[in-house]
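S.K.: So I've got this file, data-v9.json, and it contains JSON, C-alpha atoms and all ligand atoms:
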```json
[["chain", "number", "residue", "atom", "x", "y", "z"],
["R", 944, "MET", "CA", 7.55, -277.40, 62.34],
["R", 945, "ALA", "CA", 9.21, -274.19, 63.42],
["R", 946, "GLU", "CA", 7.34, -271.44, 65.19],
["R", 947, "VAL", "CA", 8.72, -267.99, 64.29],
["R", 948, "VAL", "CA", 8.46, -265.18, 66.84],
["R", 949, "ILE", "CA", 9.46, -261.68, 65.74],
["R", 950, "VAL", "CA", 10.27, -259.32, 68.59],
["R", 951, "LYS", "CA", 11.14, -255.62, 68.85],
["R", 952, "ASN", "CA", 14.80, -256.07, 69.77],
["R", 953, "SER", "CA", 17.35, -258.45, 71.24],
["R", 954, "ARG", "CA", 16.47, -257.41, 74.78],
["R", 955, "ALA", "CA", 12.86, -258.48, 74.29],
["R", 956, "ALA", "CA", 14.10, -261.75, 72.80],
["R", 957, "GLY", "CA", 16.34, -262.32, 75.79],
["R", 958, "GLU", "CA", 13.49, -261.76, 78.21],
["R", 959, "LEU", "CA", 11.21, -264.12, 76.28],
["R", 960, "VAL", "CA", 13.72, -266.95, 76.25],
["R", 961, "ALA", "CA", 14.84, -266.34, 79.85],
["R", 962, "ASP", "CA", 11.20, -266.69, 80.93],
["R", 963, "ALA", "CA", 10.91, -269.97, 79.01],
["R", 964, "ILE", "CA", 14.01, -271.26, 80.83],
["R", 965, "LEU", "CA", 12.68, -270.15, 84.21],
["R", 966, "SER", "CA", 9.35, -271.87, 83.67],
["R", 967, "LEU", "CA", 11.18, -275.03, 82.57],
["R", 968, "VAL", "CA", 13.30, -274.99, 85.74],
["R", 969, "ALA", "CA", 10.19, -274.30, 87.86],
["R", 970, "SER", "CA", 8.55, -277.45, 86.49],
["R", 971, "LYS", "CA", 11.69, -279.59, 86.34],
["R", 972, "LYS", "CA", 14.30, -279.00, 89.04],
["R", 973, "ASN", "CA", 16.93, -281.08, 87.23],
["R", 974, "ALA", "CA", 16.39, -279.48, 83.82],
["R", 975, "VAL", "CA", 19.18, -279.85, 81.29],
["R", 976, "LEU", "CA", 20.02, -276.70, 79.36],
["R", 977, "GLY", "CA", 21.85, -276.58, 76.04],
["R", 978, "LEU", "CA", 24.08, -273.51, 76.08],
["R", 979, "ALA", "CA", 25.48, -271.62, 73.13],
["R", 980, "THR", "CA", 28.27, -269.09, 72.80],
["R", 981, "GLY", "CA", 28.53, -266.11, 70.45],
["R", 982, "SER", "CA", 27.03, -262.67, 70.89],
["R", 983, "THR", "CA", 23.48, -263.73, 70.04],
["R", 984, "PRO", "CA", 22.55, -265.58, 73.27],
["R", 985, "LEU", "CA", 23.99, -262.86, 75.54],
["R", 986, "PRO", "CA", 20.66, -261.04, 76.03],
["R", 987, "VAL", "CA", 19.17, -264.37, 77.18],
["R", 988, "TYR", "CA", 21.87, -264.83, 79.79],
["R", 989, "GLN", "CA", 21.60, -261.19, 80.90],
["R", 990, "ALA", "CA", 17.82, -261.43, 81.29],
["R", 991, "LEU", "CA", 18.19, -264.75, 83.07],
["R", 992, "ALA", "CA", 20.69, -263.26, 85.51],
["R", 993, "GLU", "CA", 18.29, -260.40, 86.24],
["R", 994, "ARG", "CA", 15.17, -262.52, 86.58],
["R", 995, "ALA", "CA", 16.54, -265.65, 88.22],
["R", 996, "VAL", "CA", 17.00, -264.19, 91.69],
["R", 997, "GLY", "CA", 15.83, -266.84, 94.14],
["R", 998, "THR", "CA", 15.64, -269.61, 91.51],
["R", 999, "ASP", "CA", 17.10, -272.93, 92.63],
["R", 1000, "PHE", "CA", 19.65, -273.98, 90.00],
["R", 1001, "SER", "CA", 21.34, -276.54, 92.26],
["R", 1002, "GLN", "CA", 20.14, -279.50, 90.18],
["R", 1003, "VAL", "CA", 20.18, -277.87, 86.77],
["R", 1004, "SER", "CA", 22.89, -279.01, 84.40],
["R", 1005, "GLY", "CA", 24.10, -277.65, 81.12],
["R", 1006, "PHE", "CA", 25.96, -278.70, 77.99],
["R", 1007, "ALA", "CA", 27.72, -276.29, 75.68],
["R", 1008, "LEU", "CA", 27.49, -276.84, 71.95],
["R", 1009, "ASP", "CA", 31.11, -276.61, 71.02],
["R", 1010, "GLU", "CA", 34.72, -275.80, 71.83],
["R", 1011, "TYR", "CA", 37.90, -274.93, 69.99],
["R", 1012, "VAL", "CA", 40.46, -277.69, 69.65],
["R", 1013, "GLY", "CA", 43.91, -277.02, 71.04],
["R", 1014, "LEU", "CA", 43.09, -273.80, 72.89],
["R", 1015, "PRO", "CA", 43.85, -274.26, 76.61],
["R", 1016, "ALA", "CA", 40.61, -274.25, 78.67],
["R", 1017, "SER", "CA", 42.15, -271.37, 80.65],
["R", 1018, "HIS", "CA", 42.43, -269.18, 77.50],
["R", 1019, "PRO", "CA", 39.93, -266.31, 77.84],
["R", 1020, "GLU", "CA", 38.36, -267.18, 74.47],
["R", 1021, "SER", "CA", 38.02, -270.92, 75.03],
["R", 1022, "TYR", "CA", 34.31, -271.67, 75.11],
["R", 1023, "ARG", "CA", 34.84, -273.13, 78.60],
["R", 1024, "SER", "CA", 36.00, -269.66, 79.74],
["R", 1025, "VAL", "CA", 33.27, -267.89, 77.77],
["R", 1026, "ILE", "CA", 30.49, -270.08, 79.18],
["R", 1027, "THR", "CA", 31.83, -269.62, 82.71],
["R", 1028, "ARG", "CA", 32.12, -265.85, 82.33],
["R", 1029, "GLU", "CA", 28.92, -265.17, 80.40],
["R", 1030, "VAL", "CA", 26.50, -267.74, 81.77],
["R", 1031, "VAL", "CA", 27.58, -269.78, 84.76],
["R", 1032, "GLU", "CA", 28.77, -266.92, 86.96],
["R", 1033, "PRO", "CA", 26.15, -264.25, 86.20],
["R", 1034, "VAL", "CA", 23.21, -266.67, 86.30],
["R", 1035, "GLY", "CA", 24.48, -268.64, 89.29],
["R", 1036, "LEU", "CA", 24.62, -272.12, 87.73],
["R", 1037, "VAL", "CA", 26.65, -274.81, 89.50],
["R", 1038, "PRO", "CA", 30.03, -274.91, 87.67],
["R", 1039, "GLU", "CA", 30.49, -278.68, 88.21],
["R", 1040, "ARG", "CA", 27.19, -279.34, 86.45],
["R", 1041, "ILE", "CA", 28.15, -277.49, 83.27],
["R", 1042, "ARG", "CA", 29.99, -279.44, 80.60],
["R", 1043, "VAL", "CA", 31.82, -278.14, 77.55],
["R", 1044, "PRO", "CA", 33.27, -280.52, 74.94],
["R", 1045, "ASN", "CA", 36.89, -281.25, 75.75],
["R", 1046, "GLY", "CA", 39.10, -279.65, 73.11],
["R", 1047, "ALA", "CA", 42.40, -280.94, 74.53],
["R", 1048, "THR", "CA", 44.36, -282.58, 71.72],
["R", 1049, "GLU", "CA", 45.60, -285.49, 73.92],
["R", 1050, "THR", "CA", 42.09, -286.91, 74.41],
["R", 1051, "ILE", "CA", 40.43, -285.63, 71.27],
["R", 1052, "GLU", "CA", 39.84, -289.06, 69.75],
["R", 1053, "THR", "CA", 37.42, -290.08, 72.48],
["R", 1054, "ALA", "CA", 36.08, -286.63, 73.38],
["R", 1055, "GLY", "CA", 33.11, -286.80, 71.03],
["R", 1056, "ALA", "CA", 31.82, -290.16, 72.27],
["R", 1057, "ASP", "CA", 32.46, -289.11, 75.88],
["R", 1058, "TYR", "CA", 30.34, -286.02, 75.38],
["R", 1059, "GLU", "CA", 27.49, -287.92, 73.76],
["R", 1060, "ARG", "CA", 27.50, -290.34, 76.71],
["R", 1061, "ALA", "CA", 27.43, -287.49, 79.23],
["R", 1062, "ILE", "CA", 24.41, -285.89, 77.53],
["R", 1063, "GLU", "CA", 22.62, -289.23, 77.47],
["R", 1064, "GLU", "CA", 23.40, -289.93, 81.14],
["R", 1065, "ALA", "CA", 21.98, -286.53, 82.08],
["R", 1066, "GLY", "CA", 18.73, -287.54, 80.38],
["R", 1067, "GLY", "CA", 19.13, -285.43, 77.25],
["R", 1068, "VAL", "CA", 18.84, -281.70, 76.71],
["R", 1069, "ASP", "CA", 15.47, -280.12, 77.55],
["R", 1070, "LEU", "CA", 15.98, -276.70, 75.96],
["R", 1071, "GLN", "CA", 18.75, -275.98, 73.49],
["R", 1072, "ILE", "CA", 19.69, -272.36, 72.81],
["R", 1073, "LEU", "CA", 21.11, -271.81, 69.32],
["R", 1074, "GLY", "CA", 22.61, -268.97, 67.35],
["R", 1075, "ILE", "CA", 23.33, -269.18, 63.65],
["R", 1076, "GLY", "CA", 26.49, -268.24, 61.75],
["R", 1077, "THR", "CA", 26.38, -265.99, 58.71],
["R", 1078, "ASP", "CA", 27.04, -269.07, 56.57],
["R", 1079, "GLY", "CA", 24.18, -270.91, 58.25],
["R", 1080, "HIS", "CA", 26.22, -273.00, 60.68],
["R", 1081, "ILE", "CA", 24.76, -274.04, 64.00],
["R", 1082, "GLY", "CA", 27.10, -275.01, 66.79],
["R", 1083, "PHE", "CA", 30.15, -275.37, 64.59],
["R", 1084, "ASN", "CA", 28.38, -277.55, 62.04],
["R", 1085, "GLU", "CA", 29.60, -275.86, 58.91],
["R", 1086, "PRO", "CA", 27.89, -276.25, 55.51],
["R", 1087, "GLY", "CA", 28.16, -279.88, 54.43],
["R", 1088, "SER", "CA", 27.57, -281.33, 57.90],
["R", 1089, "SER", "CA", 25.39, -284.43, 58.01],
["R", 1090, "PHE", "CA", 21.98, -284.09, 59.66],
["R", 1091, "ALA", "CA", 22.77, -287.34, 61.51],
["R", 1092, "SER", "CA", 26.17, -286.18, 62.81],
["R", 1093, "LEU", "CA", 27.12, -286.54, 66.46],
["R", 1094, "THR", "CA", 29.77, -284.71, 68.52],
["R", 1095, "ARG", "CA", 33.01, -284.71, 66.56],
["R", 1096, "VAL", "CA", 35.99, -282.69, 65.39],
["R", 1097, "LYS", "CA", 35.44, -280.32, 62.47],
["R", 1098, "THR", "CA", 37.58, -277.87, 60.53],
["R", 1099, "LEU", "CA", 36.39, -274.28, 60.74],
["R", 1100, "THR", "CA", 35.71, -272.50, 57.46],
["R", 1101, "GLU", "CA", 37.66, -269.37, 56.58],
["R", 1102, "ARG", "CA", 34.45, -267.37, 56.92],
["R", 1103, "THR", "CA", 33.79, -268.55, 60.46],
["R", 1104, "ARG", "CA", 37.43, -267.96, 61.41],
["R", 1105, "ALA", "CA", 37.14, -264.44, 60.01],
["R", 1106, "ASP", "CA", 33.83, -263.86, 61.85],
["R", 1107, "ASN", "CA", 35.39, -265.00, 65.12],
["R", 1108, "ALA", "CA", 38.72, -263.17, 64.64],
["R", 1109, "ARG", "CA", 37.27, -260.22, 66.59],
["R", 1110, "PHE", "CA", 37.68, -262.21, 69.79],
["R", 1111, "PHE", "CA", 41.40, -262.83, 69.23],
["R", 1112, "ASP", "CA", 44.47, -260.57, 69.04],
["R", 1113, "SER", "CA", 45.13, -261.62, 65.45],
["R", 1114, "PRO", "CA", 43.07, -263.57, 62.88],
["R", 1115, "ASP", "CA", 45.88, -266.14, 62.80],
["R", 1116, "ASP", "CA", 45.21, -266.94, 66.47],
["R", 1117, "VAL", "CA", 41.74, -268.34, 65.69],
["R", 1118, "PRO", "CA", 42.03, -272.13, 65.97],
["R", 1119, "MET", "CA", 41.64, -274.20, 62.79],
["R", 1120, "HIS", "CA", 39.60, -276.97, 64.42],
["R", 1121, "CYS", "CA", 36.73, -277.34, 66.82],
["R", 1122, "ILE", "CA", 34.75, -280.07, 68.52],
["R", 1123, "THR", "CA", 31.02, -279.59, 68.13],
["R", 1124, "GLN", "CA", 27.78, -281.35, 68.92],
["R", 1125, "GLY", "CA", 26.51, -282.71, 65.63],
["R", 1126, "LEU", "CA", 23.25, -281.75, 63.98],
["R", 1127, "GLY", "CA", 21.96, -285.16, 65.05],
["R", 1128, "THR", "CA", 22.92, -284.39, 68.66],
["R", 1129, "ILE", "CA", 21.20, -281.01, 68.51],
["R", 1130, "LEU", "CA", 18.04, -282.48, 66.98],
["R", 1131, "ARG", "CA", 17.70, -284.82, 69.99],
["R", 1132, "ALA", "CA", 17.10, -281.87, 72.33],
["R", 1133, "ARG", "CA", 13.43, -281.67, 73.32],
["R", 1134, "HIS", "CA", 13.02, -277.98, 72.46],
["R", 1135, "LEU", "CA", 15.19, -275.90, 70.15],
["R", 1136, "VAL", "CA", 15.28, -272.12, 70.55],
["R", 1137, "LEU", "CA", 17.20, -270.44, 67.75],
["R", 1138, "LEU", "CA", 17.85, -266.71, 68.01],
["R", 1139, "ALA", "CA", 19.14, -264.30, 65.38],
["R", 1140, "PHE", "CA", 19.45, -260.54, 65.26],
["R", 1141, "GLY", "CA", 20.47, -258.06, 62.59],
["R", 1142, "GLU", "CA", 20.44, -257.89, 58.83],
["R", 1143, "GLY", "CA", 23.67, -259.85, 58.57],
["R", 1144, "LYS", "CA", 21.77, -262.97, 59.65],
["R", 1145, "ALA", "CA", 18.75, -262.47, 57.37],
["R", 1146, "ASP", "CA", 20.00, -264.73, 54.55],
["R", 1147, "ALA", "CA", 21.04, -267.52, 56.93],
["R", 1148, "VAL", "CA", 17.68, -267.31, 58.72],
["R", 1149, "ALA", "CA", 15.65, -267.39, 55.49],
["R", 1150, "ALA", "CA", 17.65, -270.37, 54.26],
["R", 1151, "ALA", "CA", 17.24, -272.17, 57.60],
["R", 1152, "ILE", "CA", 13.49, -271.68, 57.84],
["R", 1153, "GLU", "CA", 12.30, -271.55, 54.25],
["R", 1154, "GLY", "CA", 15.13, -273.06, 52.23],
["R", 1155, "PRO", "CA", 15.31, -276.67, 51.14],
["R", 1156, "LEU", "CA", 16.54, -279.21, 53.68],
["R", 1157, "ALA", "CA", 20.17, -279.43, 52.68],
["R", 1158, "SER", "CA", 23.43, -280.22, 54.39],
["R", 1159, "ILE", "CA", 24.85, -277.13, 52.67],
["R", 1160, "LEU", "CA", 22.40, -275.18, 54.89],
["R", 1161, "PRO", "CA", 23.03, -276.68, 58.37],
["R", 1162, "GLY", "CA", 20.42, -274.39, 59.93],
["R", 1163, "SER", "CA", 17.72, -276.04, 57.80],
["R", 1164, "ALA", "CA", 17.99, -279.03, 60.17],
["R", 1165, "VAL", "CA", 15.68, -277.13, 62.53],
["R", 1166, "GLN", "CA", 12.85, -277.83, 60.08],
["R", 1167, "LEU", "CA", 13.11, -281.49, 61.07],
["R", 1168, "HIS", "CA", 12.49, -280.76, 64.72],
["R", 1169, "PRO", "CA", 8.97, -281.14, 66.14],
["R", 1170, "HIS", "CA", 9.40, -278.28, 68.64],
["R", 1171, "ALA", "CA", 11.57, -275.45, 67.38],
["R", 1172, "THR", "CA", 11.08, -271.79, 68.25],
["R", 1173, "ILE", "CA", 12.87, -269.18, 66.15],
["R", 1174, "VAL", "CA", 13.18, -265.77, 67.85],
["R", 1175, "LEU", "CA", 14.16, -262.91, 65.52],
["R", 1176, "ASP", "CA", 14.29, -259.17, 65.42],
["R", 1177, "GLU", "CA", 12.79, -257.50, 62.35],
["R", 1178, "ALA", "CA", 16.12, -257.16, 60.55],
["R", 1179, "ALA", "CA", 16.93, -260.87, 60.90],
["R", 1180, "ALA", "CA", 13.39, -261.68, 59.71],
["R", 1181, "SER", "CA", 13.56, -259.26, 56.76],
["R", 1182, "LYS", "CA", 14.16, -261.92, 54.11],
["R", 1183, "LEU", "CA", 11.41, -264.31, 55.19],
["A", 1, "LIG", "C1", 30.08, -269.26, 66.64],
["A", 1, "LIG", "C2", 29.43, -270.35, 67.51],
["A", 1, "LIG", "C3", 28.00, -270.57, 67.13],
["A", 1, "LIG", "C4", 27.28, -269.24, 67.01],
["A", 1, "LIG", "C5", 27.91, -268.43, 65.90],
["A", 1, "LIG", "C6", 27.25, -267.08, 65.70],
["A", 1, "LIG", "O1", 30.72, -269.74, 65.52],
["A", 1, "LIG", "N1", 30.13, -271.59, 67.47],
["A", 1, "LIG", "O2", 27.37, -271.39, 68.11],
["A", 1, "LIG", "O3", 25.92, -269.43, 66.75],
["A", 1, "LIG", "O4", 29.26, -268.22, 66.20],
["A", 1, "LIG", "O5", 27.85, -266.10, 66.52],
["A", 1, "LIG", "P1", 27.20, -264.75, 66.90],
["A", 1, "LIG", "O6", 26.04, -265.06, 67.76],
["A", 1, "LIG", "O7", 28.27, -264.00, 67.65],
["A", 1, "LIG", "O8", 26.82, -264.08, 65.64]]
```
Represent the structure of the file as structure tokens.
M.R.:
Amino acid sequence: MAEVVIVKNSRAAGELVADAILSLVASKKNAVLGLATGSTPLPVYQALAERAVGTDFSQVSGFALDEYVGLPASHPESYRSVITREVVEPVGLVPERIRVPNGATETIETAGADYERAIEEAGGVDLQILGIGTDGHIGFNEPGSSFASLTRVKTLTERTRADNARFFDSPDDVPMHCITQGLGTILRARHLVLLAFGEGKADAVAAAIEGPLASILPGSAVQLHPHATIVLDEAAASKL
């Protein structure tokens, strides 16, 4: 059952979710955070950076949802770089405690299972932050992804590559493949917090929350979760 919270703007959403993270960390020093990339979670990380002064993150760990395959970790648009730049450094998380799926081609065959093991060994994710793609993908689970899927390599759709082309010099530079936590992995997190802002997300949000459960609508997997919070601005909620 998903709880839907409609807020005034993305800043208010960021503050709300940052406060939820801070109260989690206050009650559980070794909390495990599920981190997402994209523009949507940025207000959360900004609010967290502002409000976390004095918070002890020394035992907090984090797992990113996904990574491009074949992009060097040092590339500014690798999700390793993005997570470091946008979350780890501003918030003051411990870099060694933050994992991102390993997109190196040499080890790609075992990278998915390795990542699943690491999440399990950390005790599972307490709070998973999620955005949603315009085609309804979460993480990089594109339409057609199994609800039971675990971390694995996927091919990006043309639409997602086009959406993400803004981060690269040329659309052709957007990698073709990614490694992403599966929908099954994401559903194991104890609390899901999905954020969406703007009219461009309204269809994906309506399908995720009110549409039928269908692998063609990966976001609809959140309906299976016992503790999911959906934080929207009015535009993203306009088709509910
Ligand atoms: C990417 C990420 C997703 C994210 C989505 C939406 O494809 N892999 O995790 O939710 O984009 O991005 P944005 O928040 O920038 O709209």
S.K.: Applying 9 Å and only C-alpha atoms, which residues near Val1003 (chain R) remain after dropping the ones on its own chain fewer than 4 positions away? List them as a PyMOL selection string.
M.R.: chain R and resi 968+971-976+999+1036-1037+1040-1041
S.K.: Restrict the calculation to all atoms listed in the file, then for each residue of chain R with any atom at most 9 Å from an atom of ligand LIG 1 (chain A) give the closest atom pair and their distance in Å to one decimal, rows by chain and rising residue number, as a Markdown table.
M.R.:
```
| residue | atom | partner | partner_atom | distance |
| --- | --- | --- | --- | --- |
| R:Leu978 | CA | A:LIG1 | O2 | 8.9 |
| R:Ala979 | CA | A:LIG1 | O2 | 5.4 |
| R:Thr980 | CA | A:LIG1 | O2 | 5.3 |
| R:Gly981 | CA | A:LIG1 | O7 | 3.5 |
| R:Ser982 | CA | A:LIG1 | O7 | 3.7 |
| R:Thr983 | CA | A:LIG1 | O6 | 3.7 |
| R:Pro984 | CA | A:LIG1 | O6 | 6.5 |
| R:Leu985 | CA | A:LIG1 | O6 | 8.3 |
| R:Leu1008 | CA | A:LIG1 | O2 | 6.7 |
| R:Asp1009 | CA | A:LIG1 | N1 | 6.2 |
| R:Glu1010 | CA | A:LIG1 | N1 | 7.6 |
| R:Tyr1011 | CA | A:LIG1 | N1 | 8.8 |
| R:Tyr1022 | CA | A:LIG1 | N1 | 8.7 |
| R:Leu1073 | CA | A:LIG1 | O3 | 6.0 |
| R:Gly1074 | CA | A:LIG1 | O3 | 3.4 |
| R:Ile1075 | CA | A:LIG1 | O3 | 4.0 |
| R:Gly1076 | CA | A:LIG1 | C6 | 4.2 |
| R:Thr1077 | CA | A:LIG1 | C6 | 7.1 |
| R:Gly1079 | CA | A:LIG1 | O3 | 8.8 |
| R:His1080 | CA | A:LIG1 | O3 | 7.0 |
| R:Ile1081 | CA | A:LIG1 | O3 | 5.5 |
| R:Gly1082 | CA | A:LIG1 | O2 | 3.9 |
| R:Phe1083 | CA | A:LIG1 | N1 | 4.8 |
| R:Asn1084 | CA | A:LIG1 | N1 | 8.3 |
| R:Leu1099 | CA | A:LIG1 | O1 | 8.7 |
| R:Thr1103 | CA | A:LIG1 | O1 | 6.0 |
| R:Arg1104 | CA | A:LIG1 | O1 | 8.1 |
| R:Asp1106 | CA | A:LIG1 | O1 | 7.6 |
| R:Asn1107 | CA | A:LIG1 | O1 | 6.7 |
| R:Cys1121 | CA | A:LIG1 | N1 | 8.8 |
| R:Thr1123 | CA | A:LIG1 | N1 | 8.1 |
| R:Leu1137 | CA | A:LIG1 | O3 | 8.8 |
| R:Leu1138 | CA | A:LIG1 | O6 | 8.4 |
| R:Ala1139 | CA | A:LIG1 | O6 | 7.3 |
| R:Phe1140 | CA | A:LIG1 | O8 | 8.2 |
| R:Gly1143 | CA | A:LIG1 | O8 | 8.8 |
| R:Lys1144 | CA | A:LIG1 | O8 | 7.9 |
```
S.K.: Could you please take those selected residues and save C-alpha atoms as a PDB file, in the frame of the given file?
M.R.:
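For reference, part.pdb as written:
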```pdb
ATOM      1  CA  LEU R 978      24.080-273.510  76.080  1.00  0.00           C
ATOM      2  CA  ALA R 979      25.480-271.620  73.130  1.00  0.00           C
ATOM      3  CA  THR R 980      28.270-269.090  72.800  1.00  0.00           C
ATOM      4  CA  GLY R 981      28.530-266.110  70.450  1.00  0.00           C
ATOM      5  CA  SER R 982      27.030-262.670  70.890  1.00  0.00           C
ATOM      6  CA  THR R 983      23.480-263.730  70.040  1.00  0.00           C
ATOM      7  CA  PRO R 984      22.550-265.580  73.270  1.00  0.00           C
ATOM      8  CA  LEU R 985      23.990-262.860  75.540  1.00  0.00           C
ATOM      9  CA  LEU R1008      27.490-276.840  71.950  1.00  0.00           C
ATOM     10  CA  ASP R1009      31.110-276.610  71.020  1.00  0.00           C
ATOM     11  CA  GLU R1010      34.720-275.800  71.830  1.00  0.00           C
ATOM     12  CA  TYR R1011      37.900-274.930  69.990  1.00  0.00           C
ATOM     13  CA  TYR R1022      34.310-271.670  75.110  1.00  0.00           C
ATOM     14  CA  LEU R1073      21.110-271.810  69.320  1.00  0.00           C
ATOM     15  CA  GLY R1074      22.610-268.970  67.350  1.00  0.00           C
ATOM     16  CA  ILE R1075      23.330-269.180  63.650  1.00  0.00           C
ATOM     17  CA  GLY R1076      26.490-268.240  61.750  1.00  0.00           C
ATOM     18  CA  THR R1077      26.380-265.990  58.710  1.00  0.00           C
ATOM     19  CA  GLY R1079      24.180-270.910  58.250  1.00  0.00           C
ATOM     20  CA  HIS R1080      26.220-273.000  60.680  1.00  0.00           C
ATOM     21  CA  ILE R1081      24.760-274.040  64.000  1.00  0.00           C
ATOM     22  CA  GLY R1082      27.100-275.010  66.790  1.00  0.00           C
ATOM     23  CA  PHE R1083      30.150-275.370  64.590  1.00  0.00           C
ATOM     24  CA  ASN R1084      28.380-277.550  62.040  1.00  0.00           C
ATOM     25  CA  LEU R1099      36.390-274.280  60.740  1.00  0.00           C
ATOM     26  CA  THR R1103      33.790-268.550  60.460  1.00  0.00           C
ATOM     27  CA  ARG R1104      37.430-267.960  61.410  1.00  0.00           C
ATOM     28  CA  ASP R1106      33.830-263.860  61.850  1.00  0.00           C
ATOM     29  CA  ASN R1107      35.390-265.000  65.120  1.00  0.00           C
ATOM     30  CA  CYS R1121      36.730-277.340  66.820  1.00  0.00           C
ATOM     31  CA  THR R1123      31.020-279.590  68.130  1.00  0.00           C
ATOM     32  CA  LEU R1137      17.200-270.440  67.750  1.00  0.00           C
ATOM     33  CA  LEU R1138      17.850-266.710  68.010  1.00  0.00           C
ATOM     34  CA  ALA R1139      19.140-264.300  65.380  1.00  0.00           C
ATOM     35  CA  PHE R1140      19.450-260.540  65.260  1.00  0.00           C
ATOM     36  CA  GLY R1143      23.670-259.850  58.570  1.00  0.00           C
ATOM     37  CA  LYS R1144      21.770-262.970  59.650  1.00  0.00           C
TER      38      LYS R1144
END
```
S.K.: Which residue is closest to Leu967 (chain R)? Choose from R:Pro1015, R:Ile1026, R:Arg1133, R:Pro1155 and count only C-alpha atoms.
M.R.: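 Nearest to Leu967 (chain R): R:Arg1133.
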S.K.: Mind giving me the straight-line distance from CA of Ser1021 (chain R) to CA of Gly1087 (chain R) in Å, one decimal?
M.R.: 24.5 Å
S.K.: Can you pull out every residue within 9 Å of Glu1029 (chain R), counting all atoms listed in the file, but drop anything in the same chain fewer than 3 positions away, and send it as a PyMOL selection string?
M.R.: chain R and resi 980+985+988-989+1024-1026+1032-1034
S.K.: What is the CA of Leu1130 (chain R)-CA of Val1117 (chain R) distance in Å, reported with one decimal?
M.R.: 27.6 Å
S.K.: Find the residues around Arg1042 (chain R) up to 10 Å (all atoms listed in the file counted), leave out those fewer than 2 positions away in its own chain, and share them as a list in words.
M.R.: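 Listed by chain and then number, they are Gly977, Leu978, Ser1004, Gly1005, Phe1006, Ala1007, Leu1008, Arg1023, Ile1026, Pro1038, Glu1039, Arg1040, Pro1044, Asn1045, Tyr1058, Ala1061 and Ile1062 of chain R.
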S.K.: In Å, with one decimal, what is the gap from CA of Gly957 (chain R) to CA of Glu1142 (chain R)?
M.R.: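 So the answer is 18.0 Å.
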S.K.: Using only C-alpha atoms, find all polymer residues with an atom at most 12 Å away from the point (13.7, -256.9, 64.5); report them as number ranges by chain.
M.R.: R: 948-956, 1138-1145, 1174-1182
S.K.: Excluding Pro1114 (chain R) and residues on its chain fewer than 4 positions from it, collect all residues at most 8 Å away from it, counting all atoms listed in the file, and give them as a list of chain:residue names.
M.R.: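 Close residues of Pro1114 (chain R): R:Arg1104, R:Ala1105, R:Ala1108, R:Arg1109.
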S.K.: Between R:Leu1135, R:Val1012, R:Leu1167, R:Leu1183, which is the closest to Ala1149 (chain R) once you count all atoms listed in the file?
M.R.: R:Leu1183
S.K.: Using only C-alpha atoms, which of the listed residues (R:Ile1152, R:Val960, R:Ser1158, R:Ser1163) sits closest to Glu946 (chain R)?
M.R.: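 Once distances to Glu946 (chain R) are computed over only C-alpha atoms, the minimum belongs to R:Ile1152.
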S.K.: Name all residues at most 9 Å from Arg1095 (chain R) (count only C-alpha atoms; drop same-chain ones fewer than 6 positions away) and give them as a PDB file with C-alpha atoms, in the coordinates of the input.
M.R.:
```pdb
ATOM      1  CA  ILE R1051      40.430-285.630  71.270  1.00  0.00           C
ATOM      2  CA  GLU R1052      39.840-289.060  69.750  1.00  0.00           C
ATOM      3  CA  ALA R1054      36.080-286.630  73.380  1.00  0.00           C
ATOM      4  CA  GLY R1055      33.110-286.800  71.030  1.00  0.00           C
ATOM      5  CA  ALA R1056      31.820-290.160  72.270  1.00  0.00           C
ATOM      6  CA  CYS R1121      36.730-277.340  66.820  1.00  0.00           C
ATOM      7  CA  ILE R1122      34.750-280.070  68.520  1.00  0.00           C
ATOM      8  CA  THR R1123      31.020-279.590  68.130  1.00  0.00           C
ATOM      9  CA  GLN R1124      27.780-281.350  68.920  1.00  0.00           C
ATOM     10  CA  GLY R1125      26.510-282.710  65.630  1.00  0.00           C
TER      11      GLY R1125
END
```
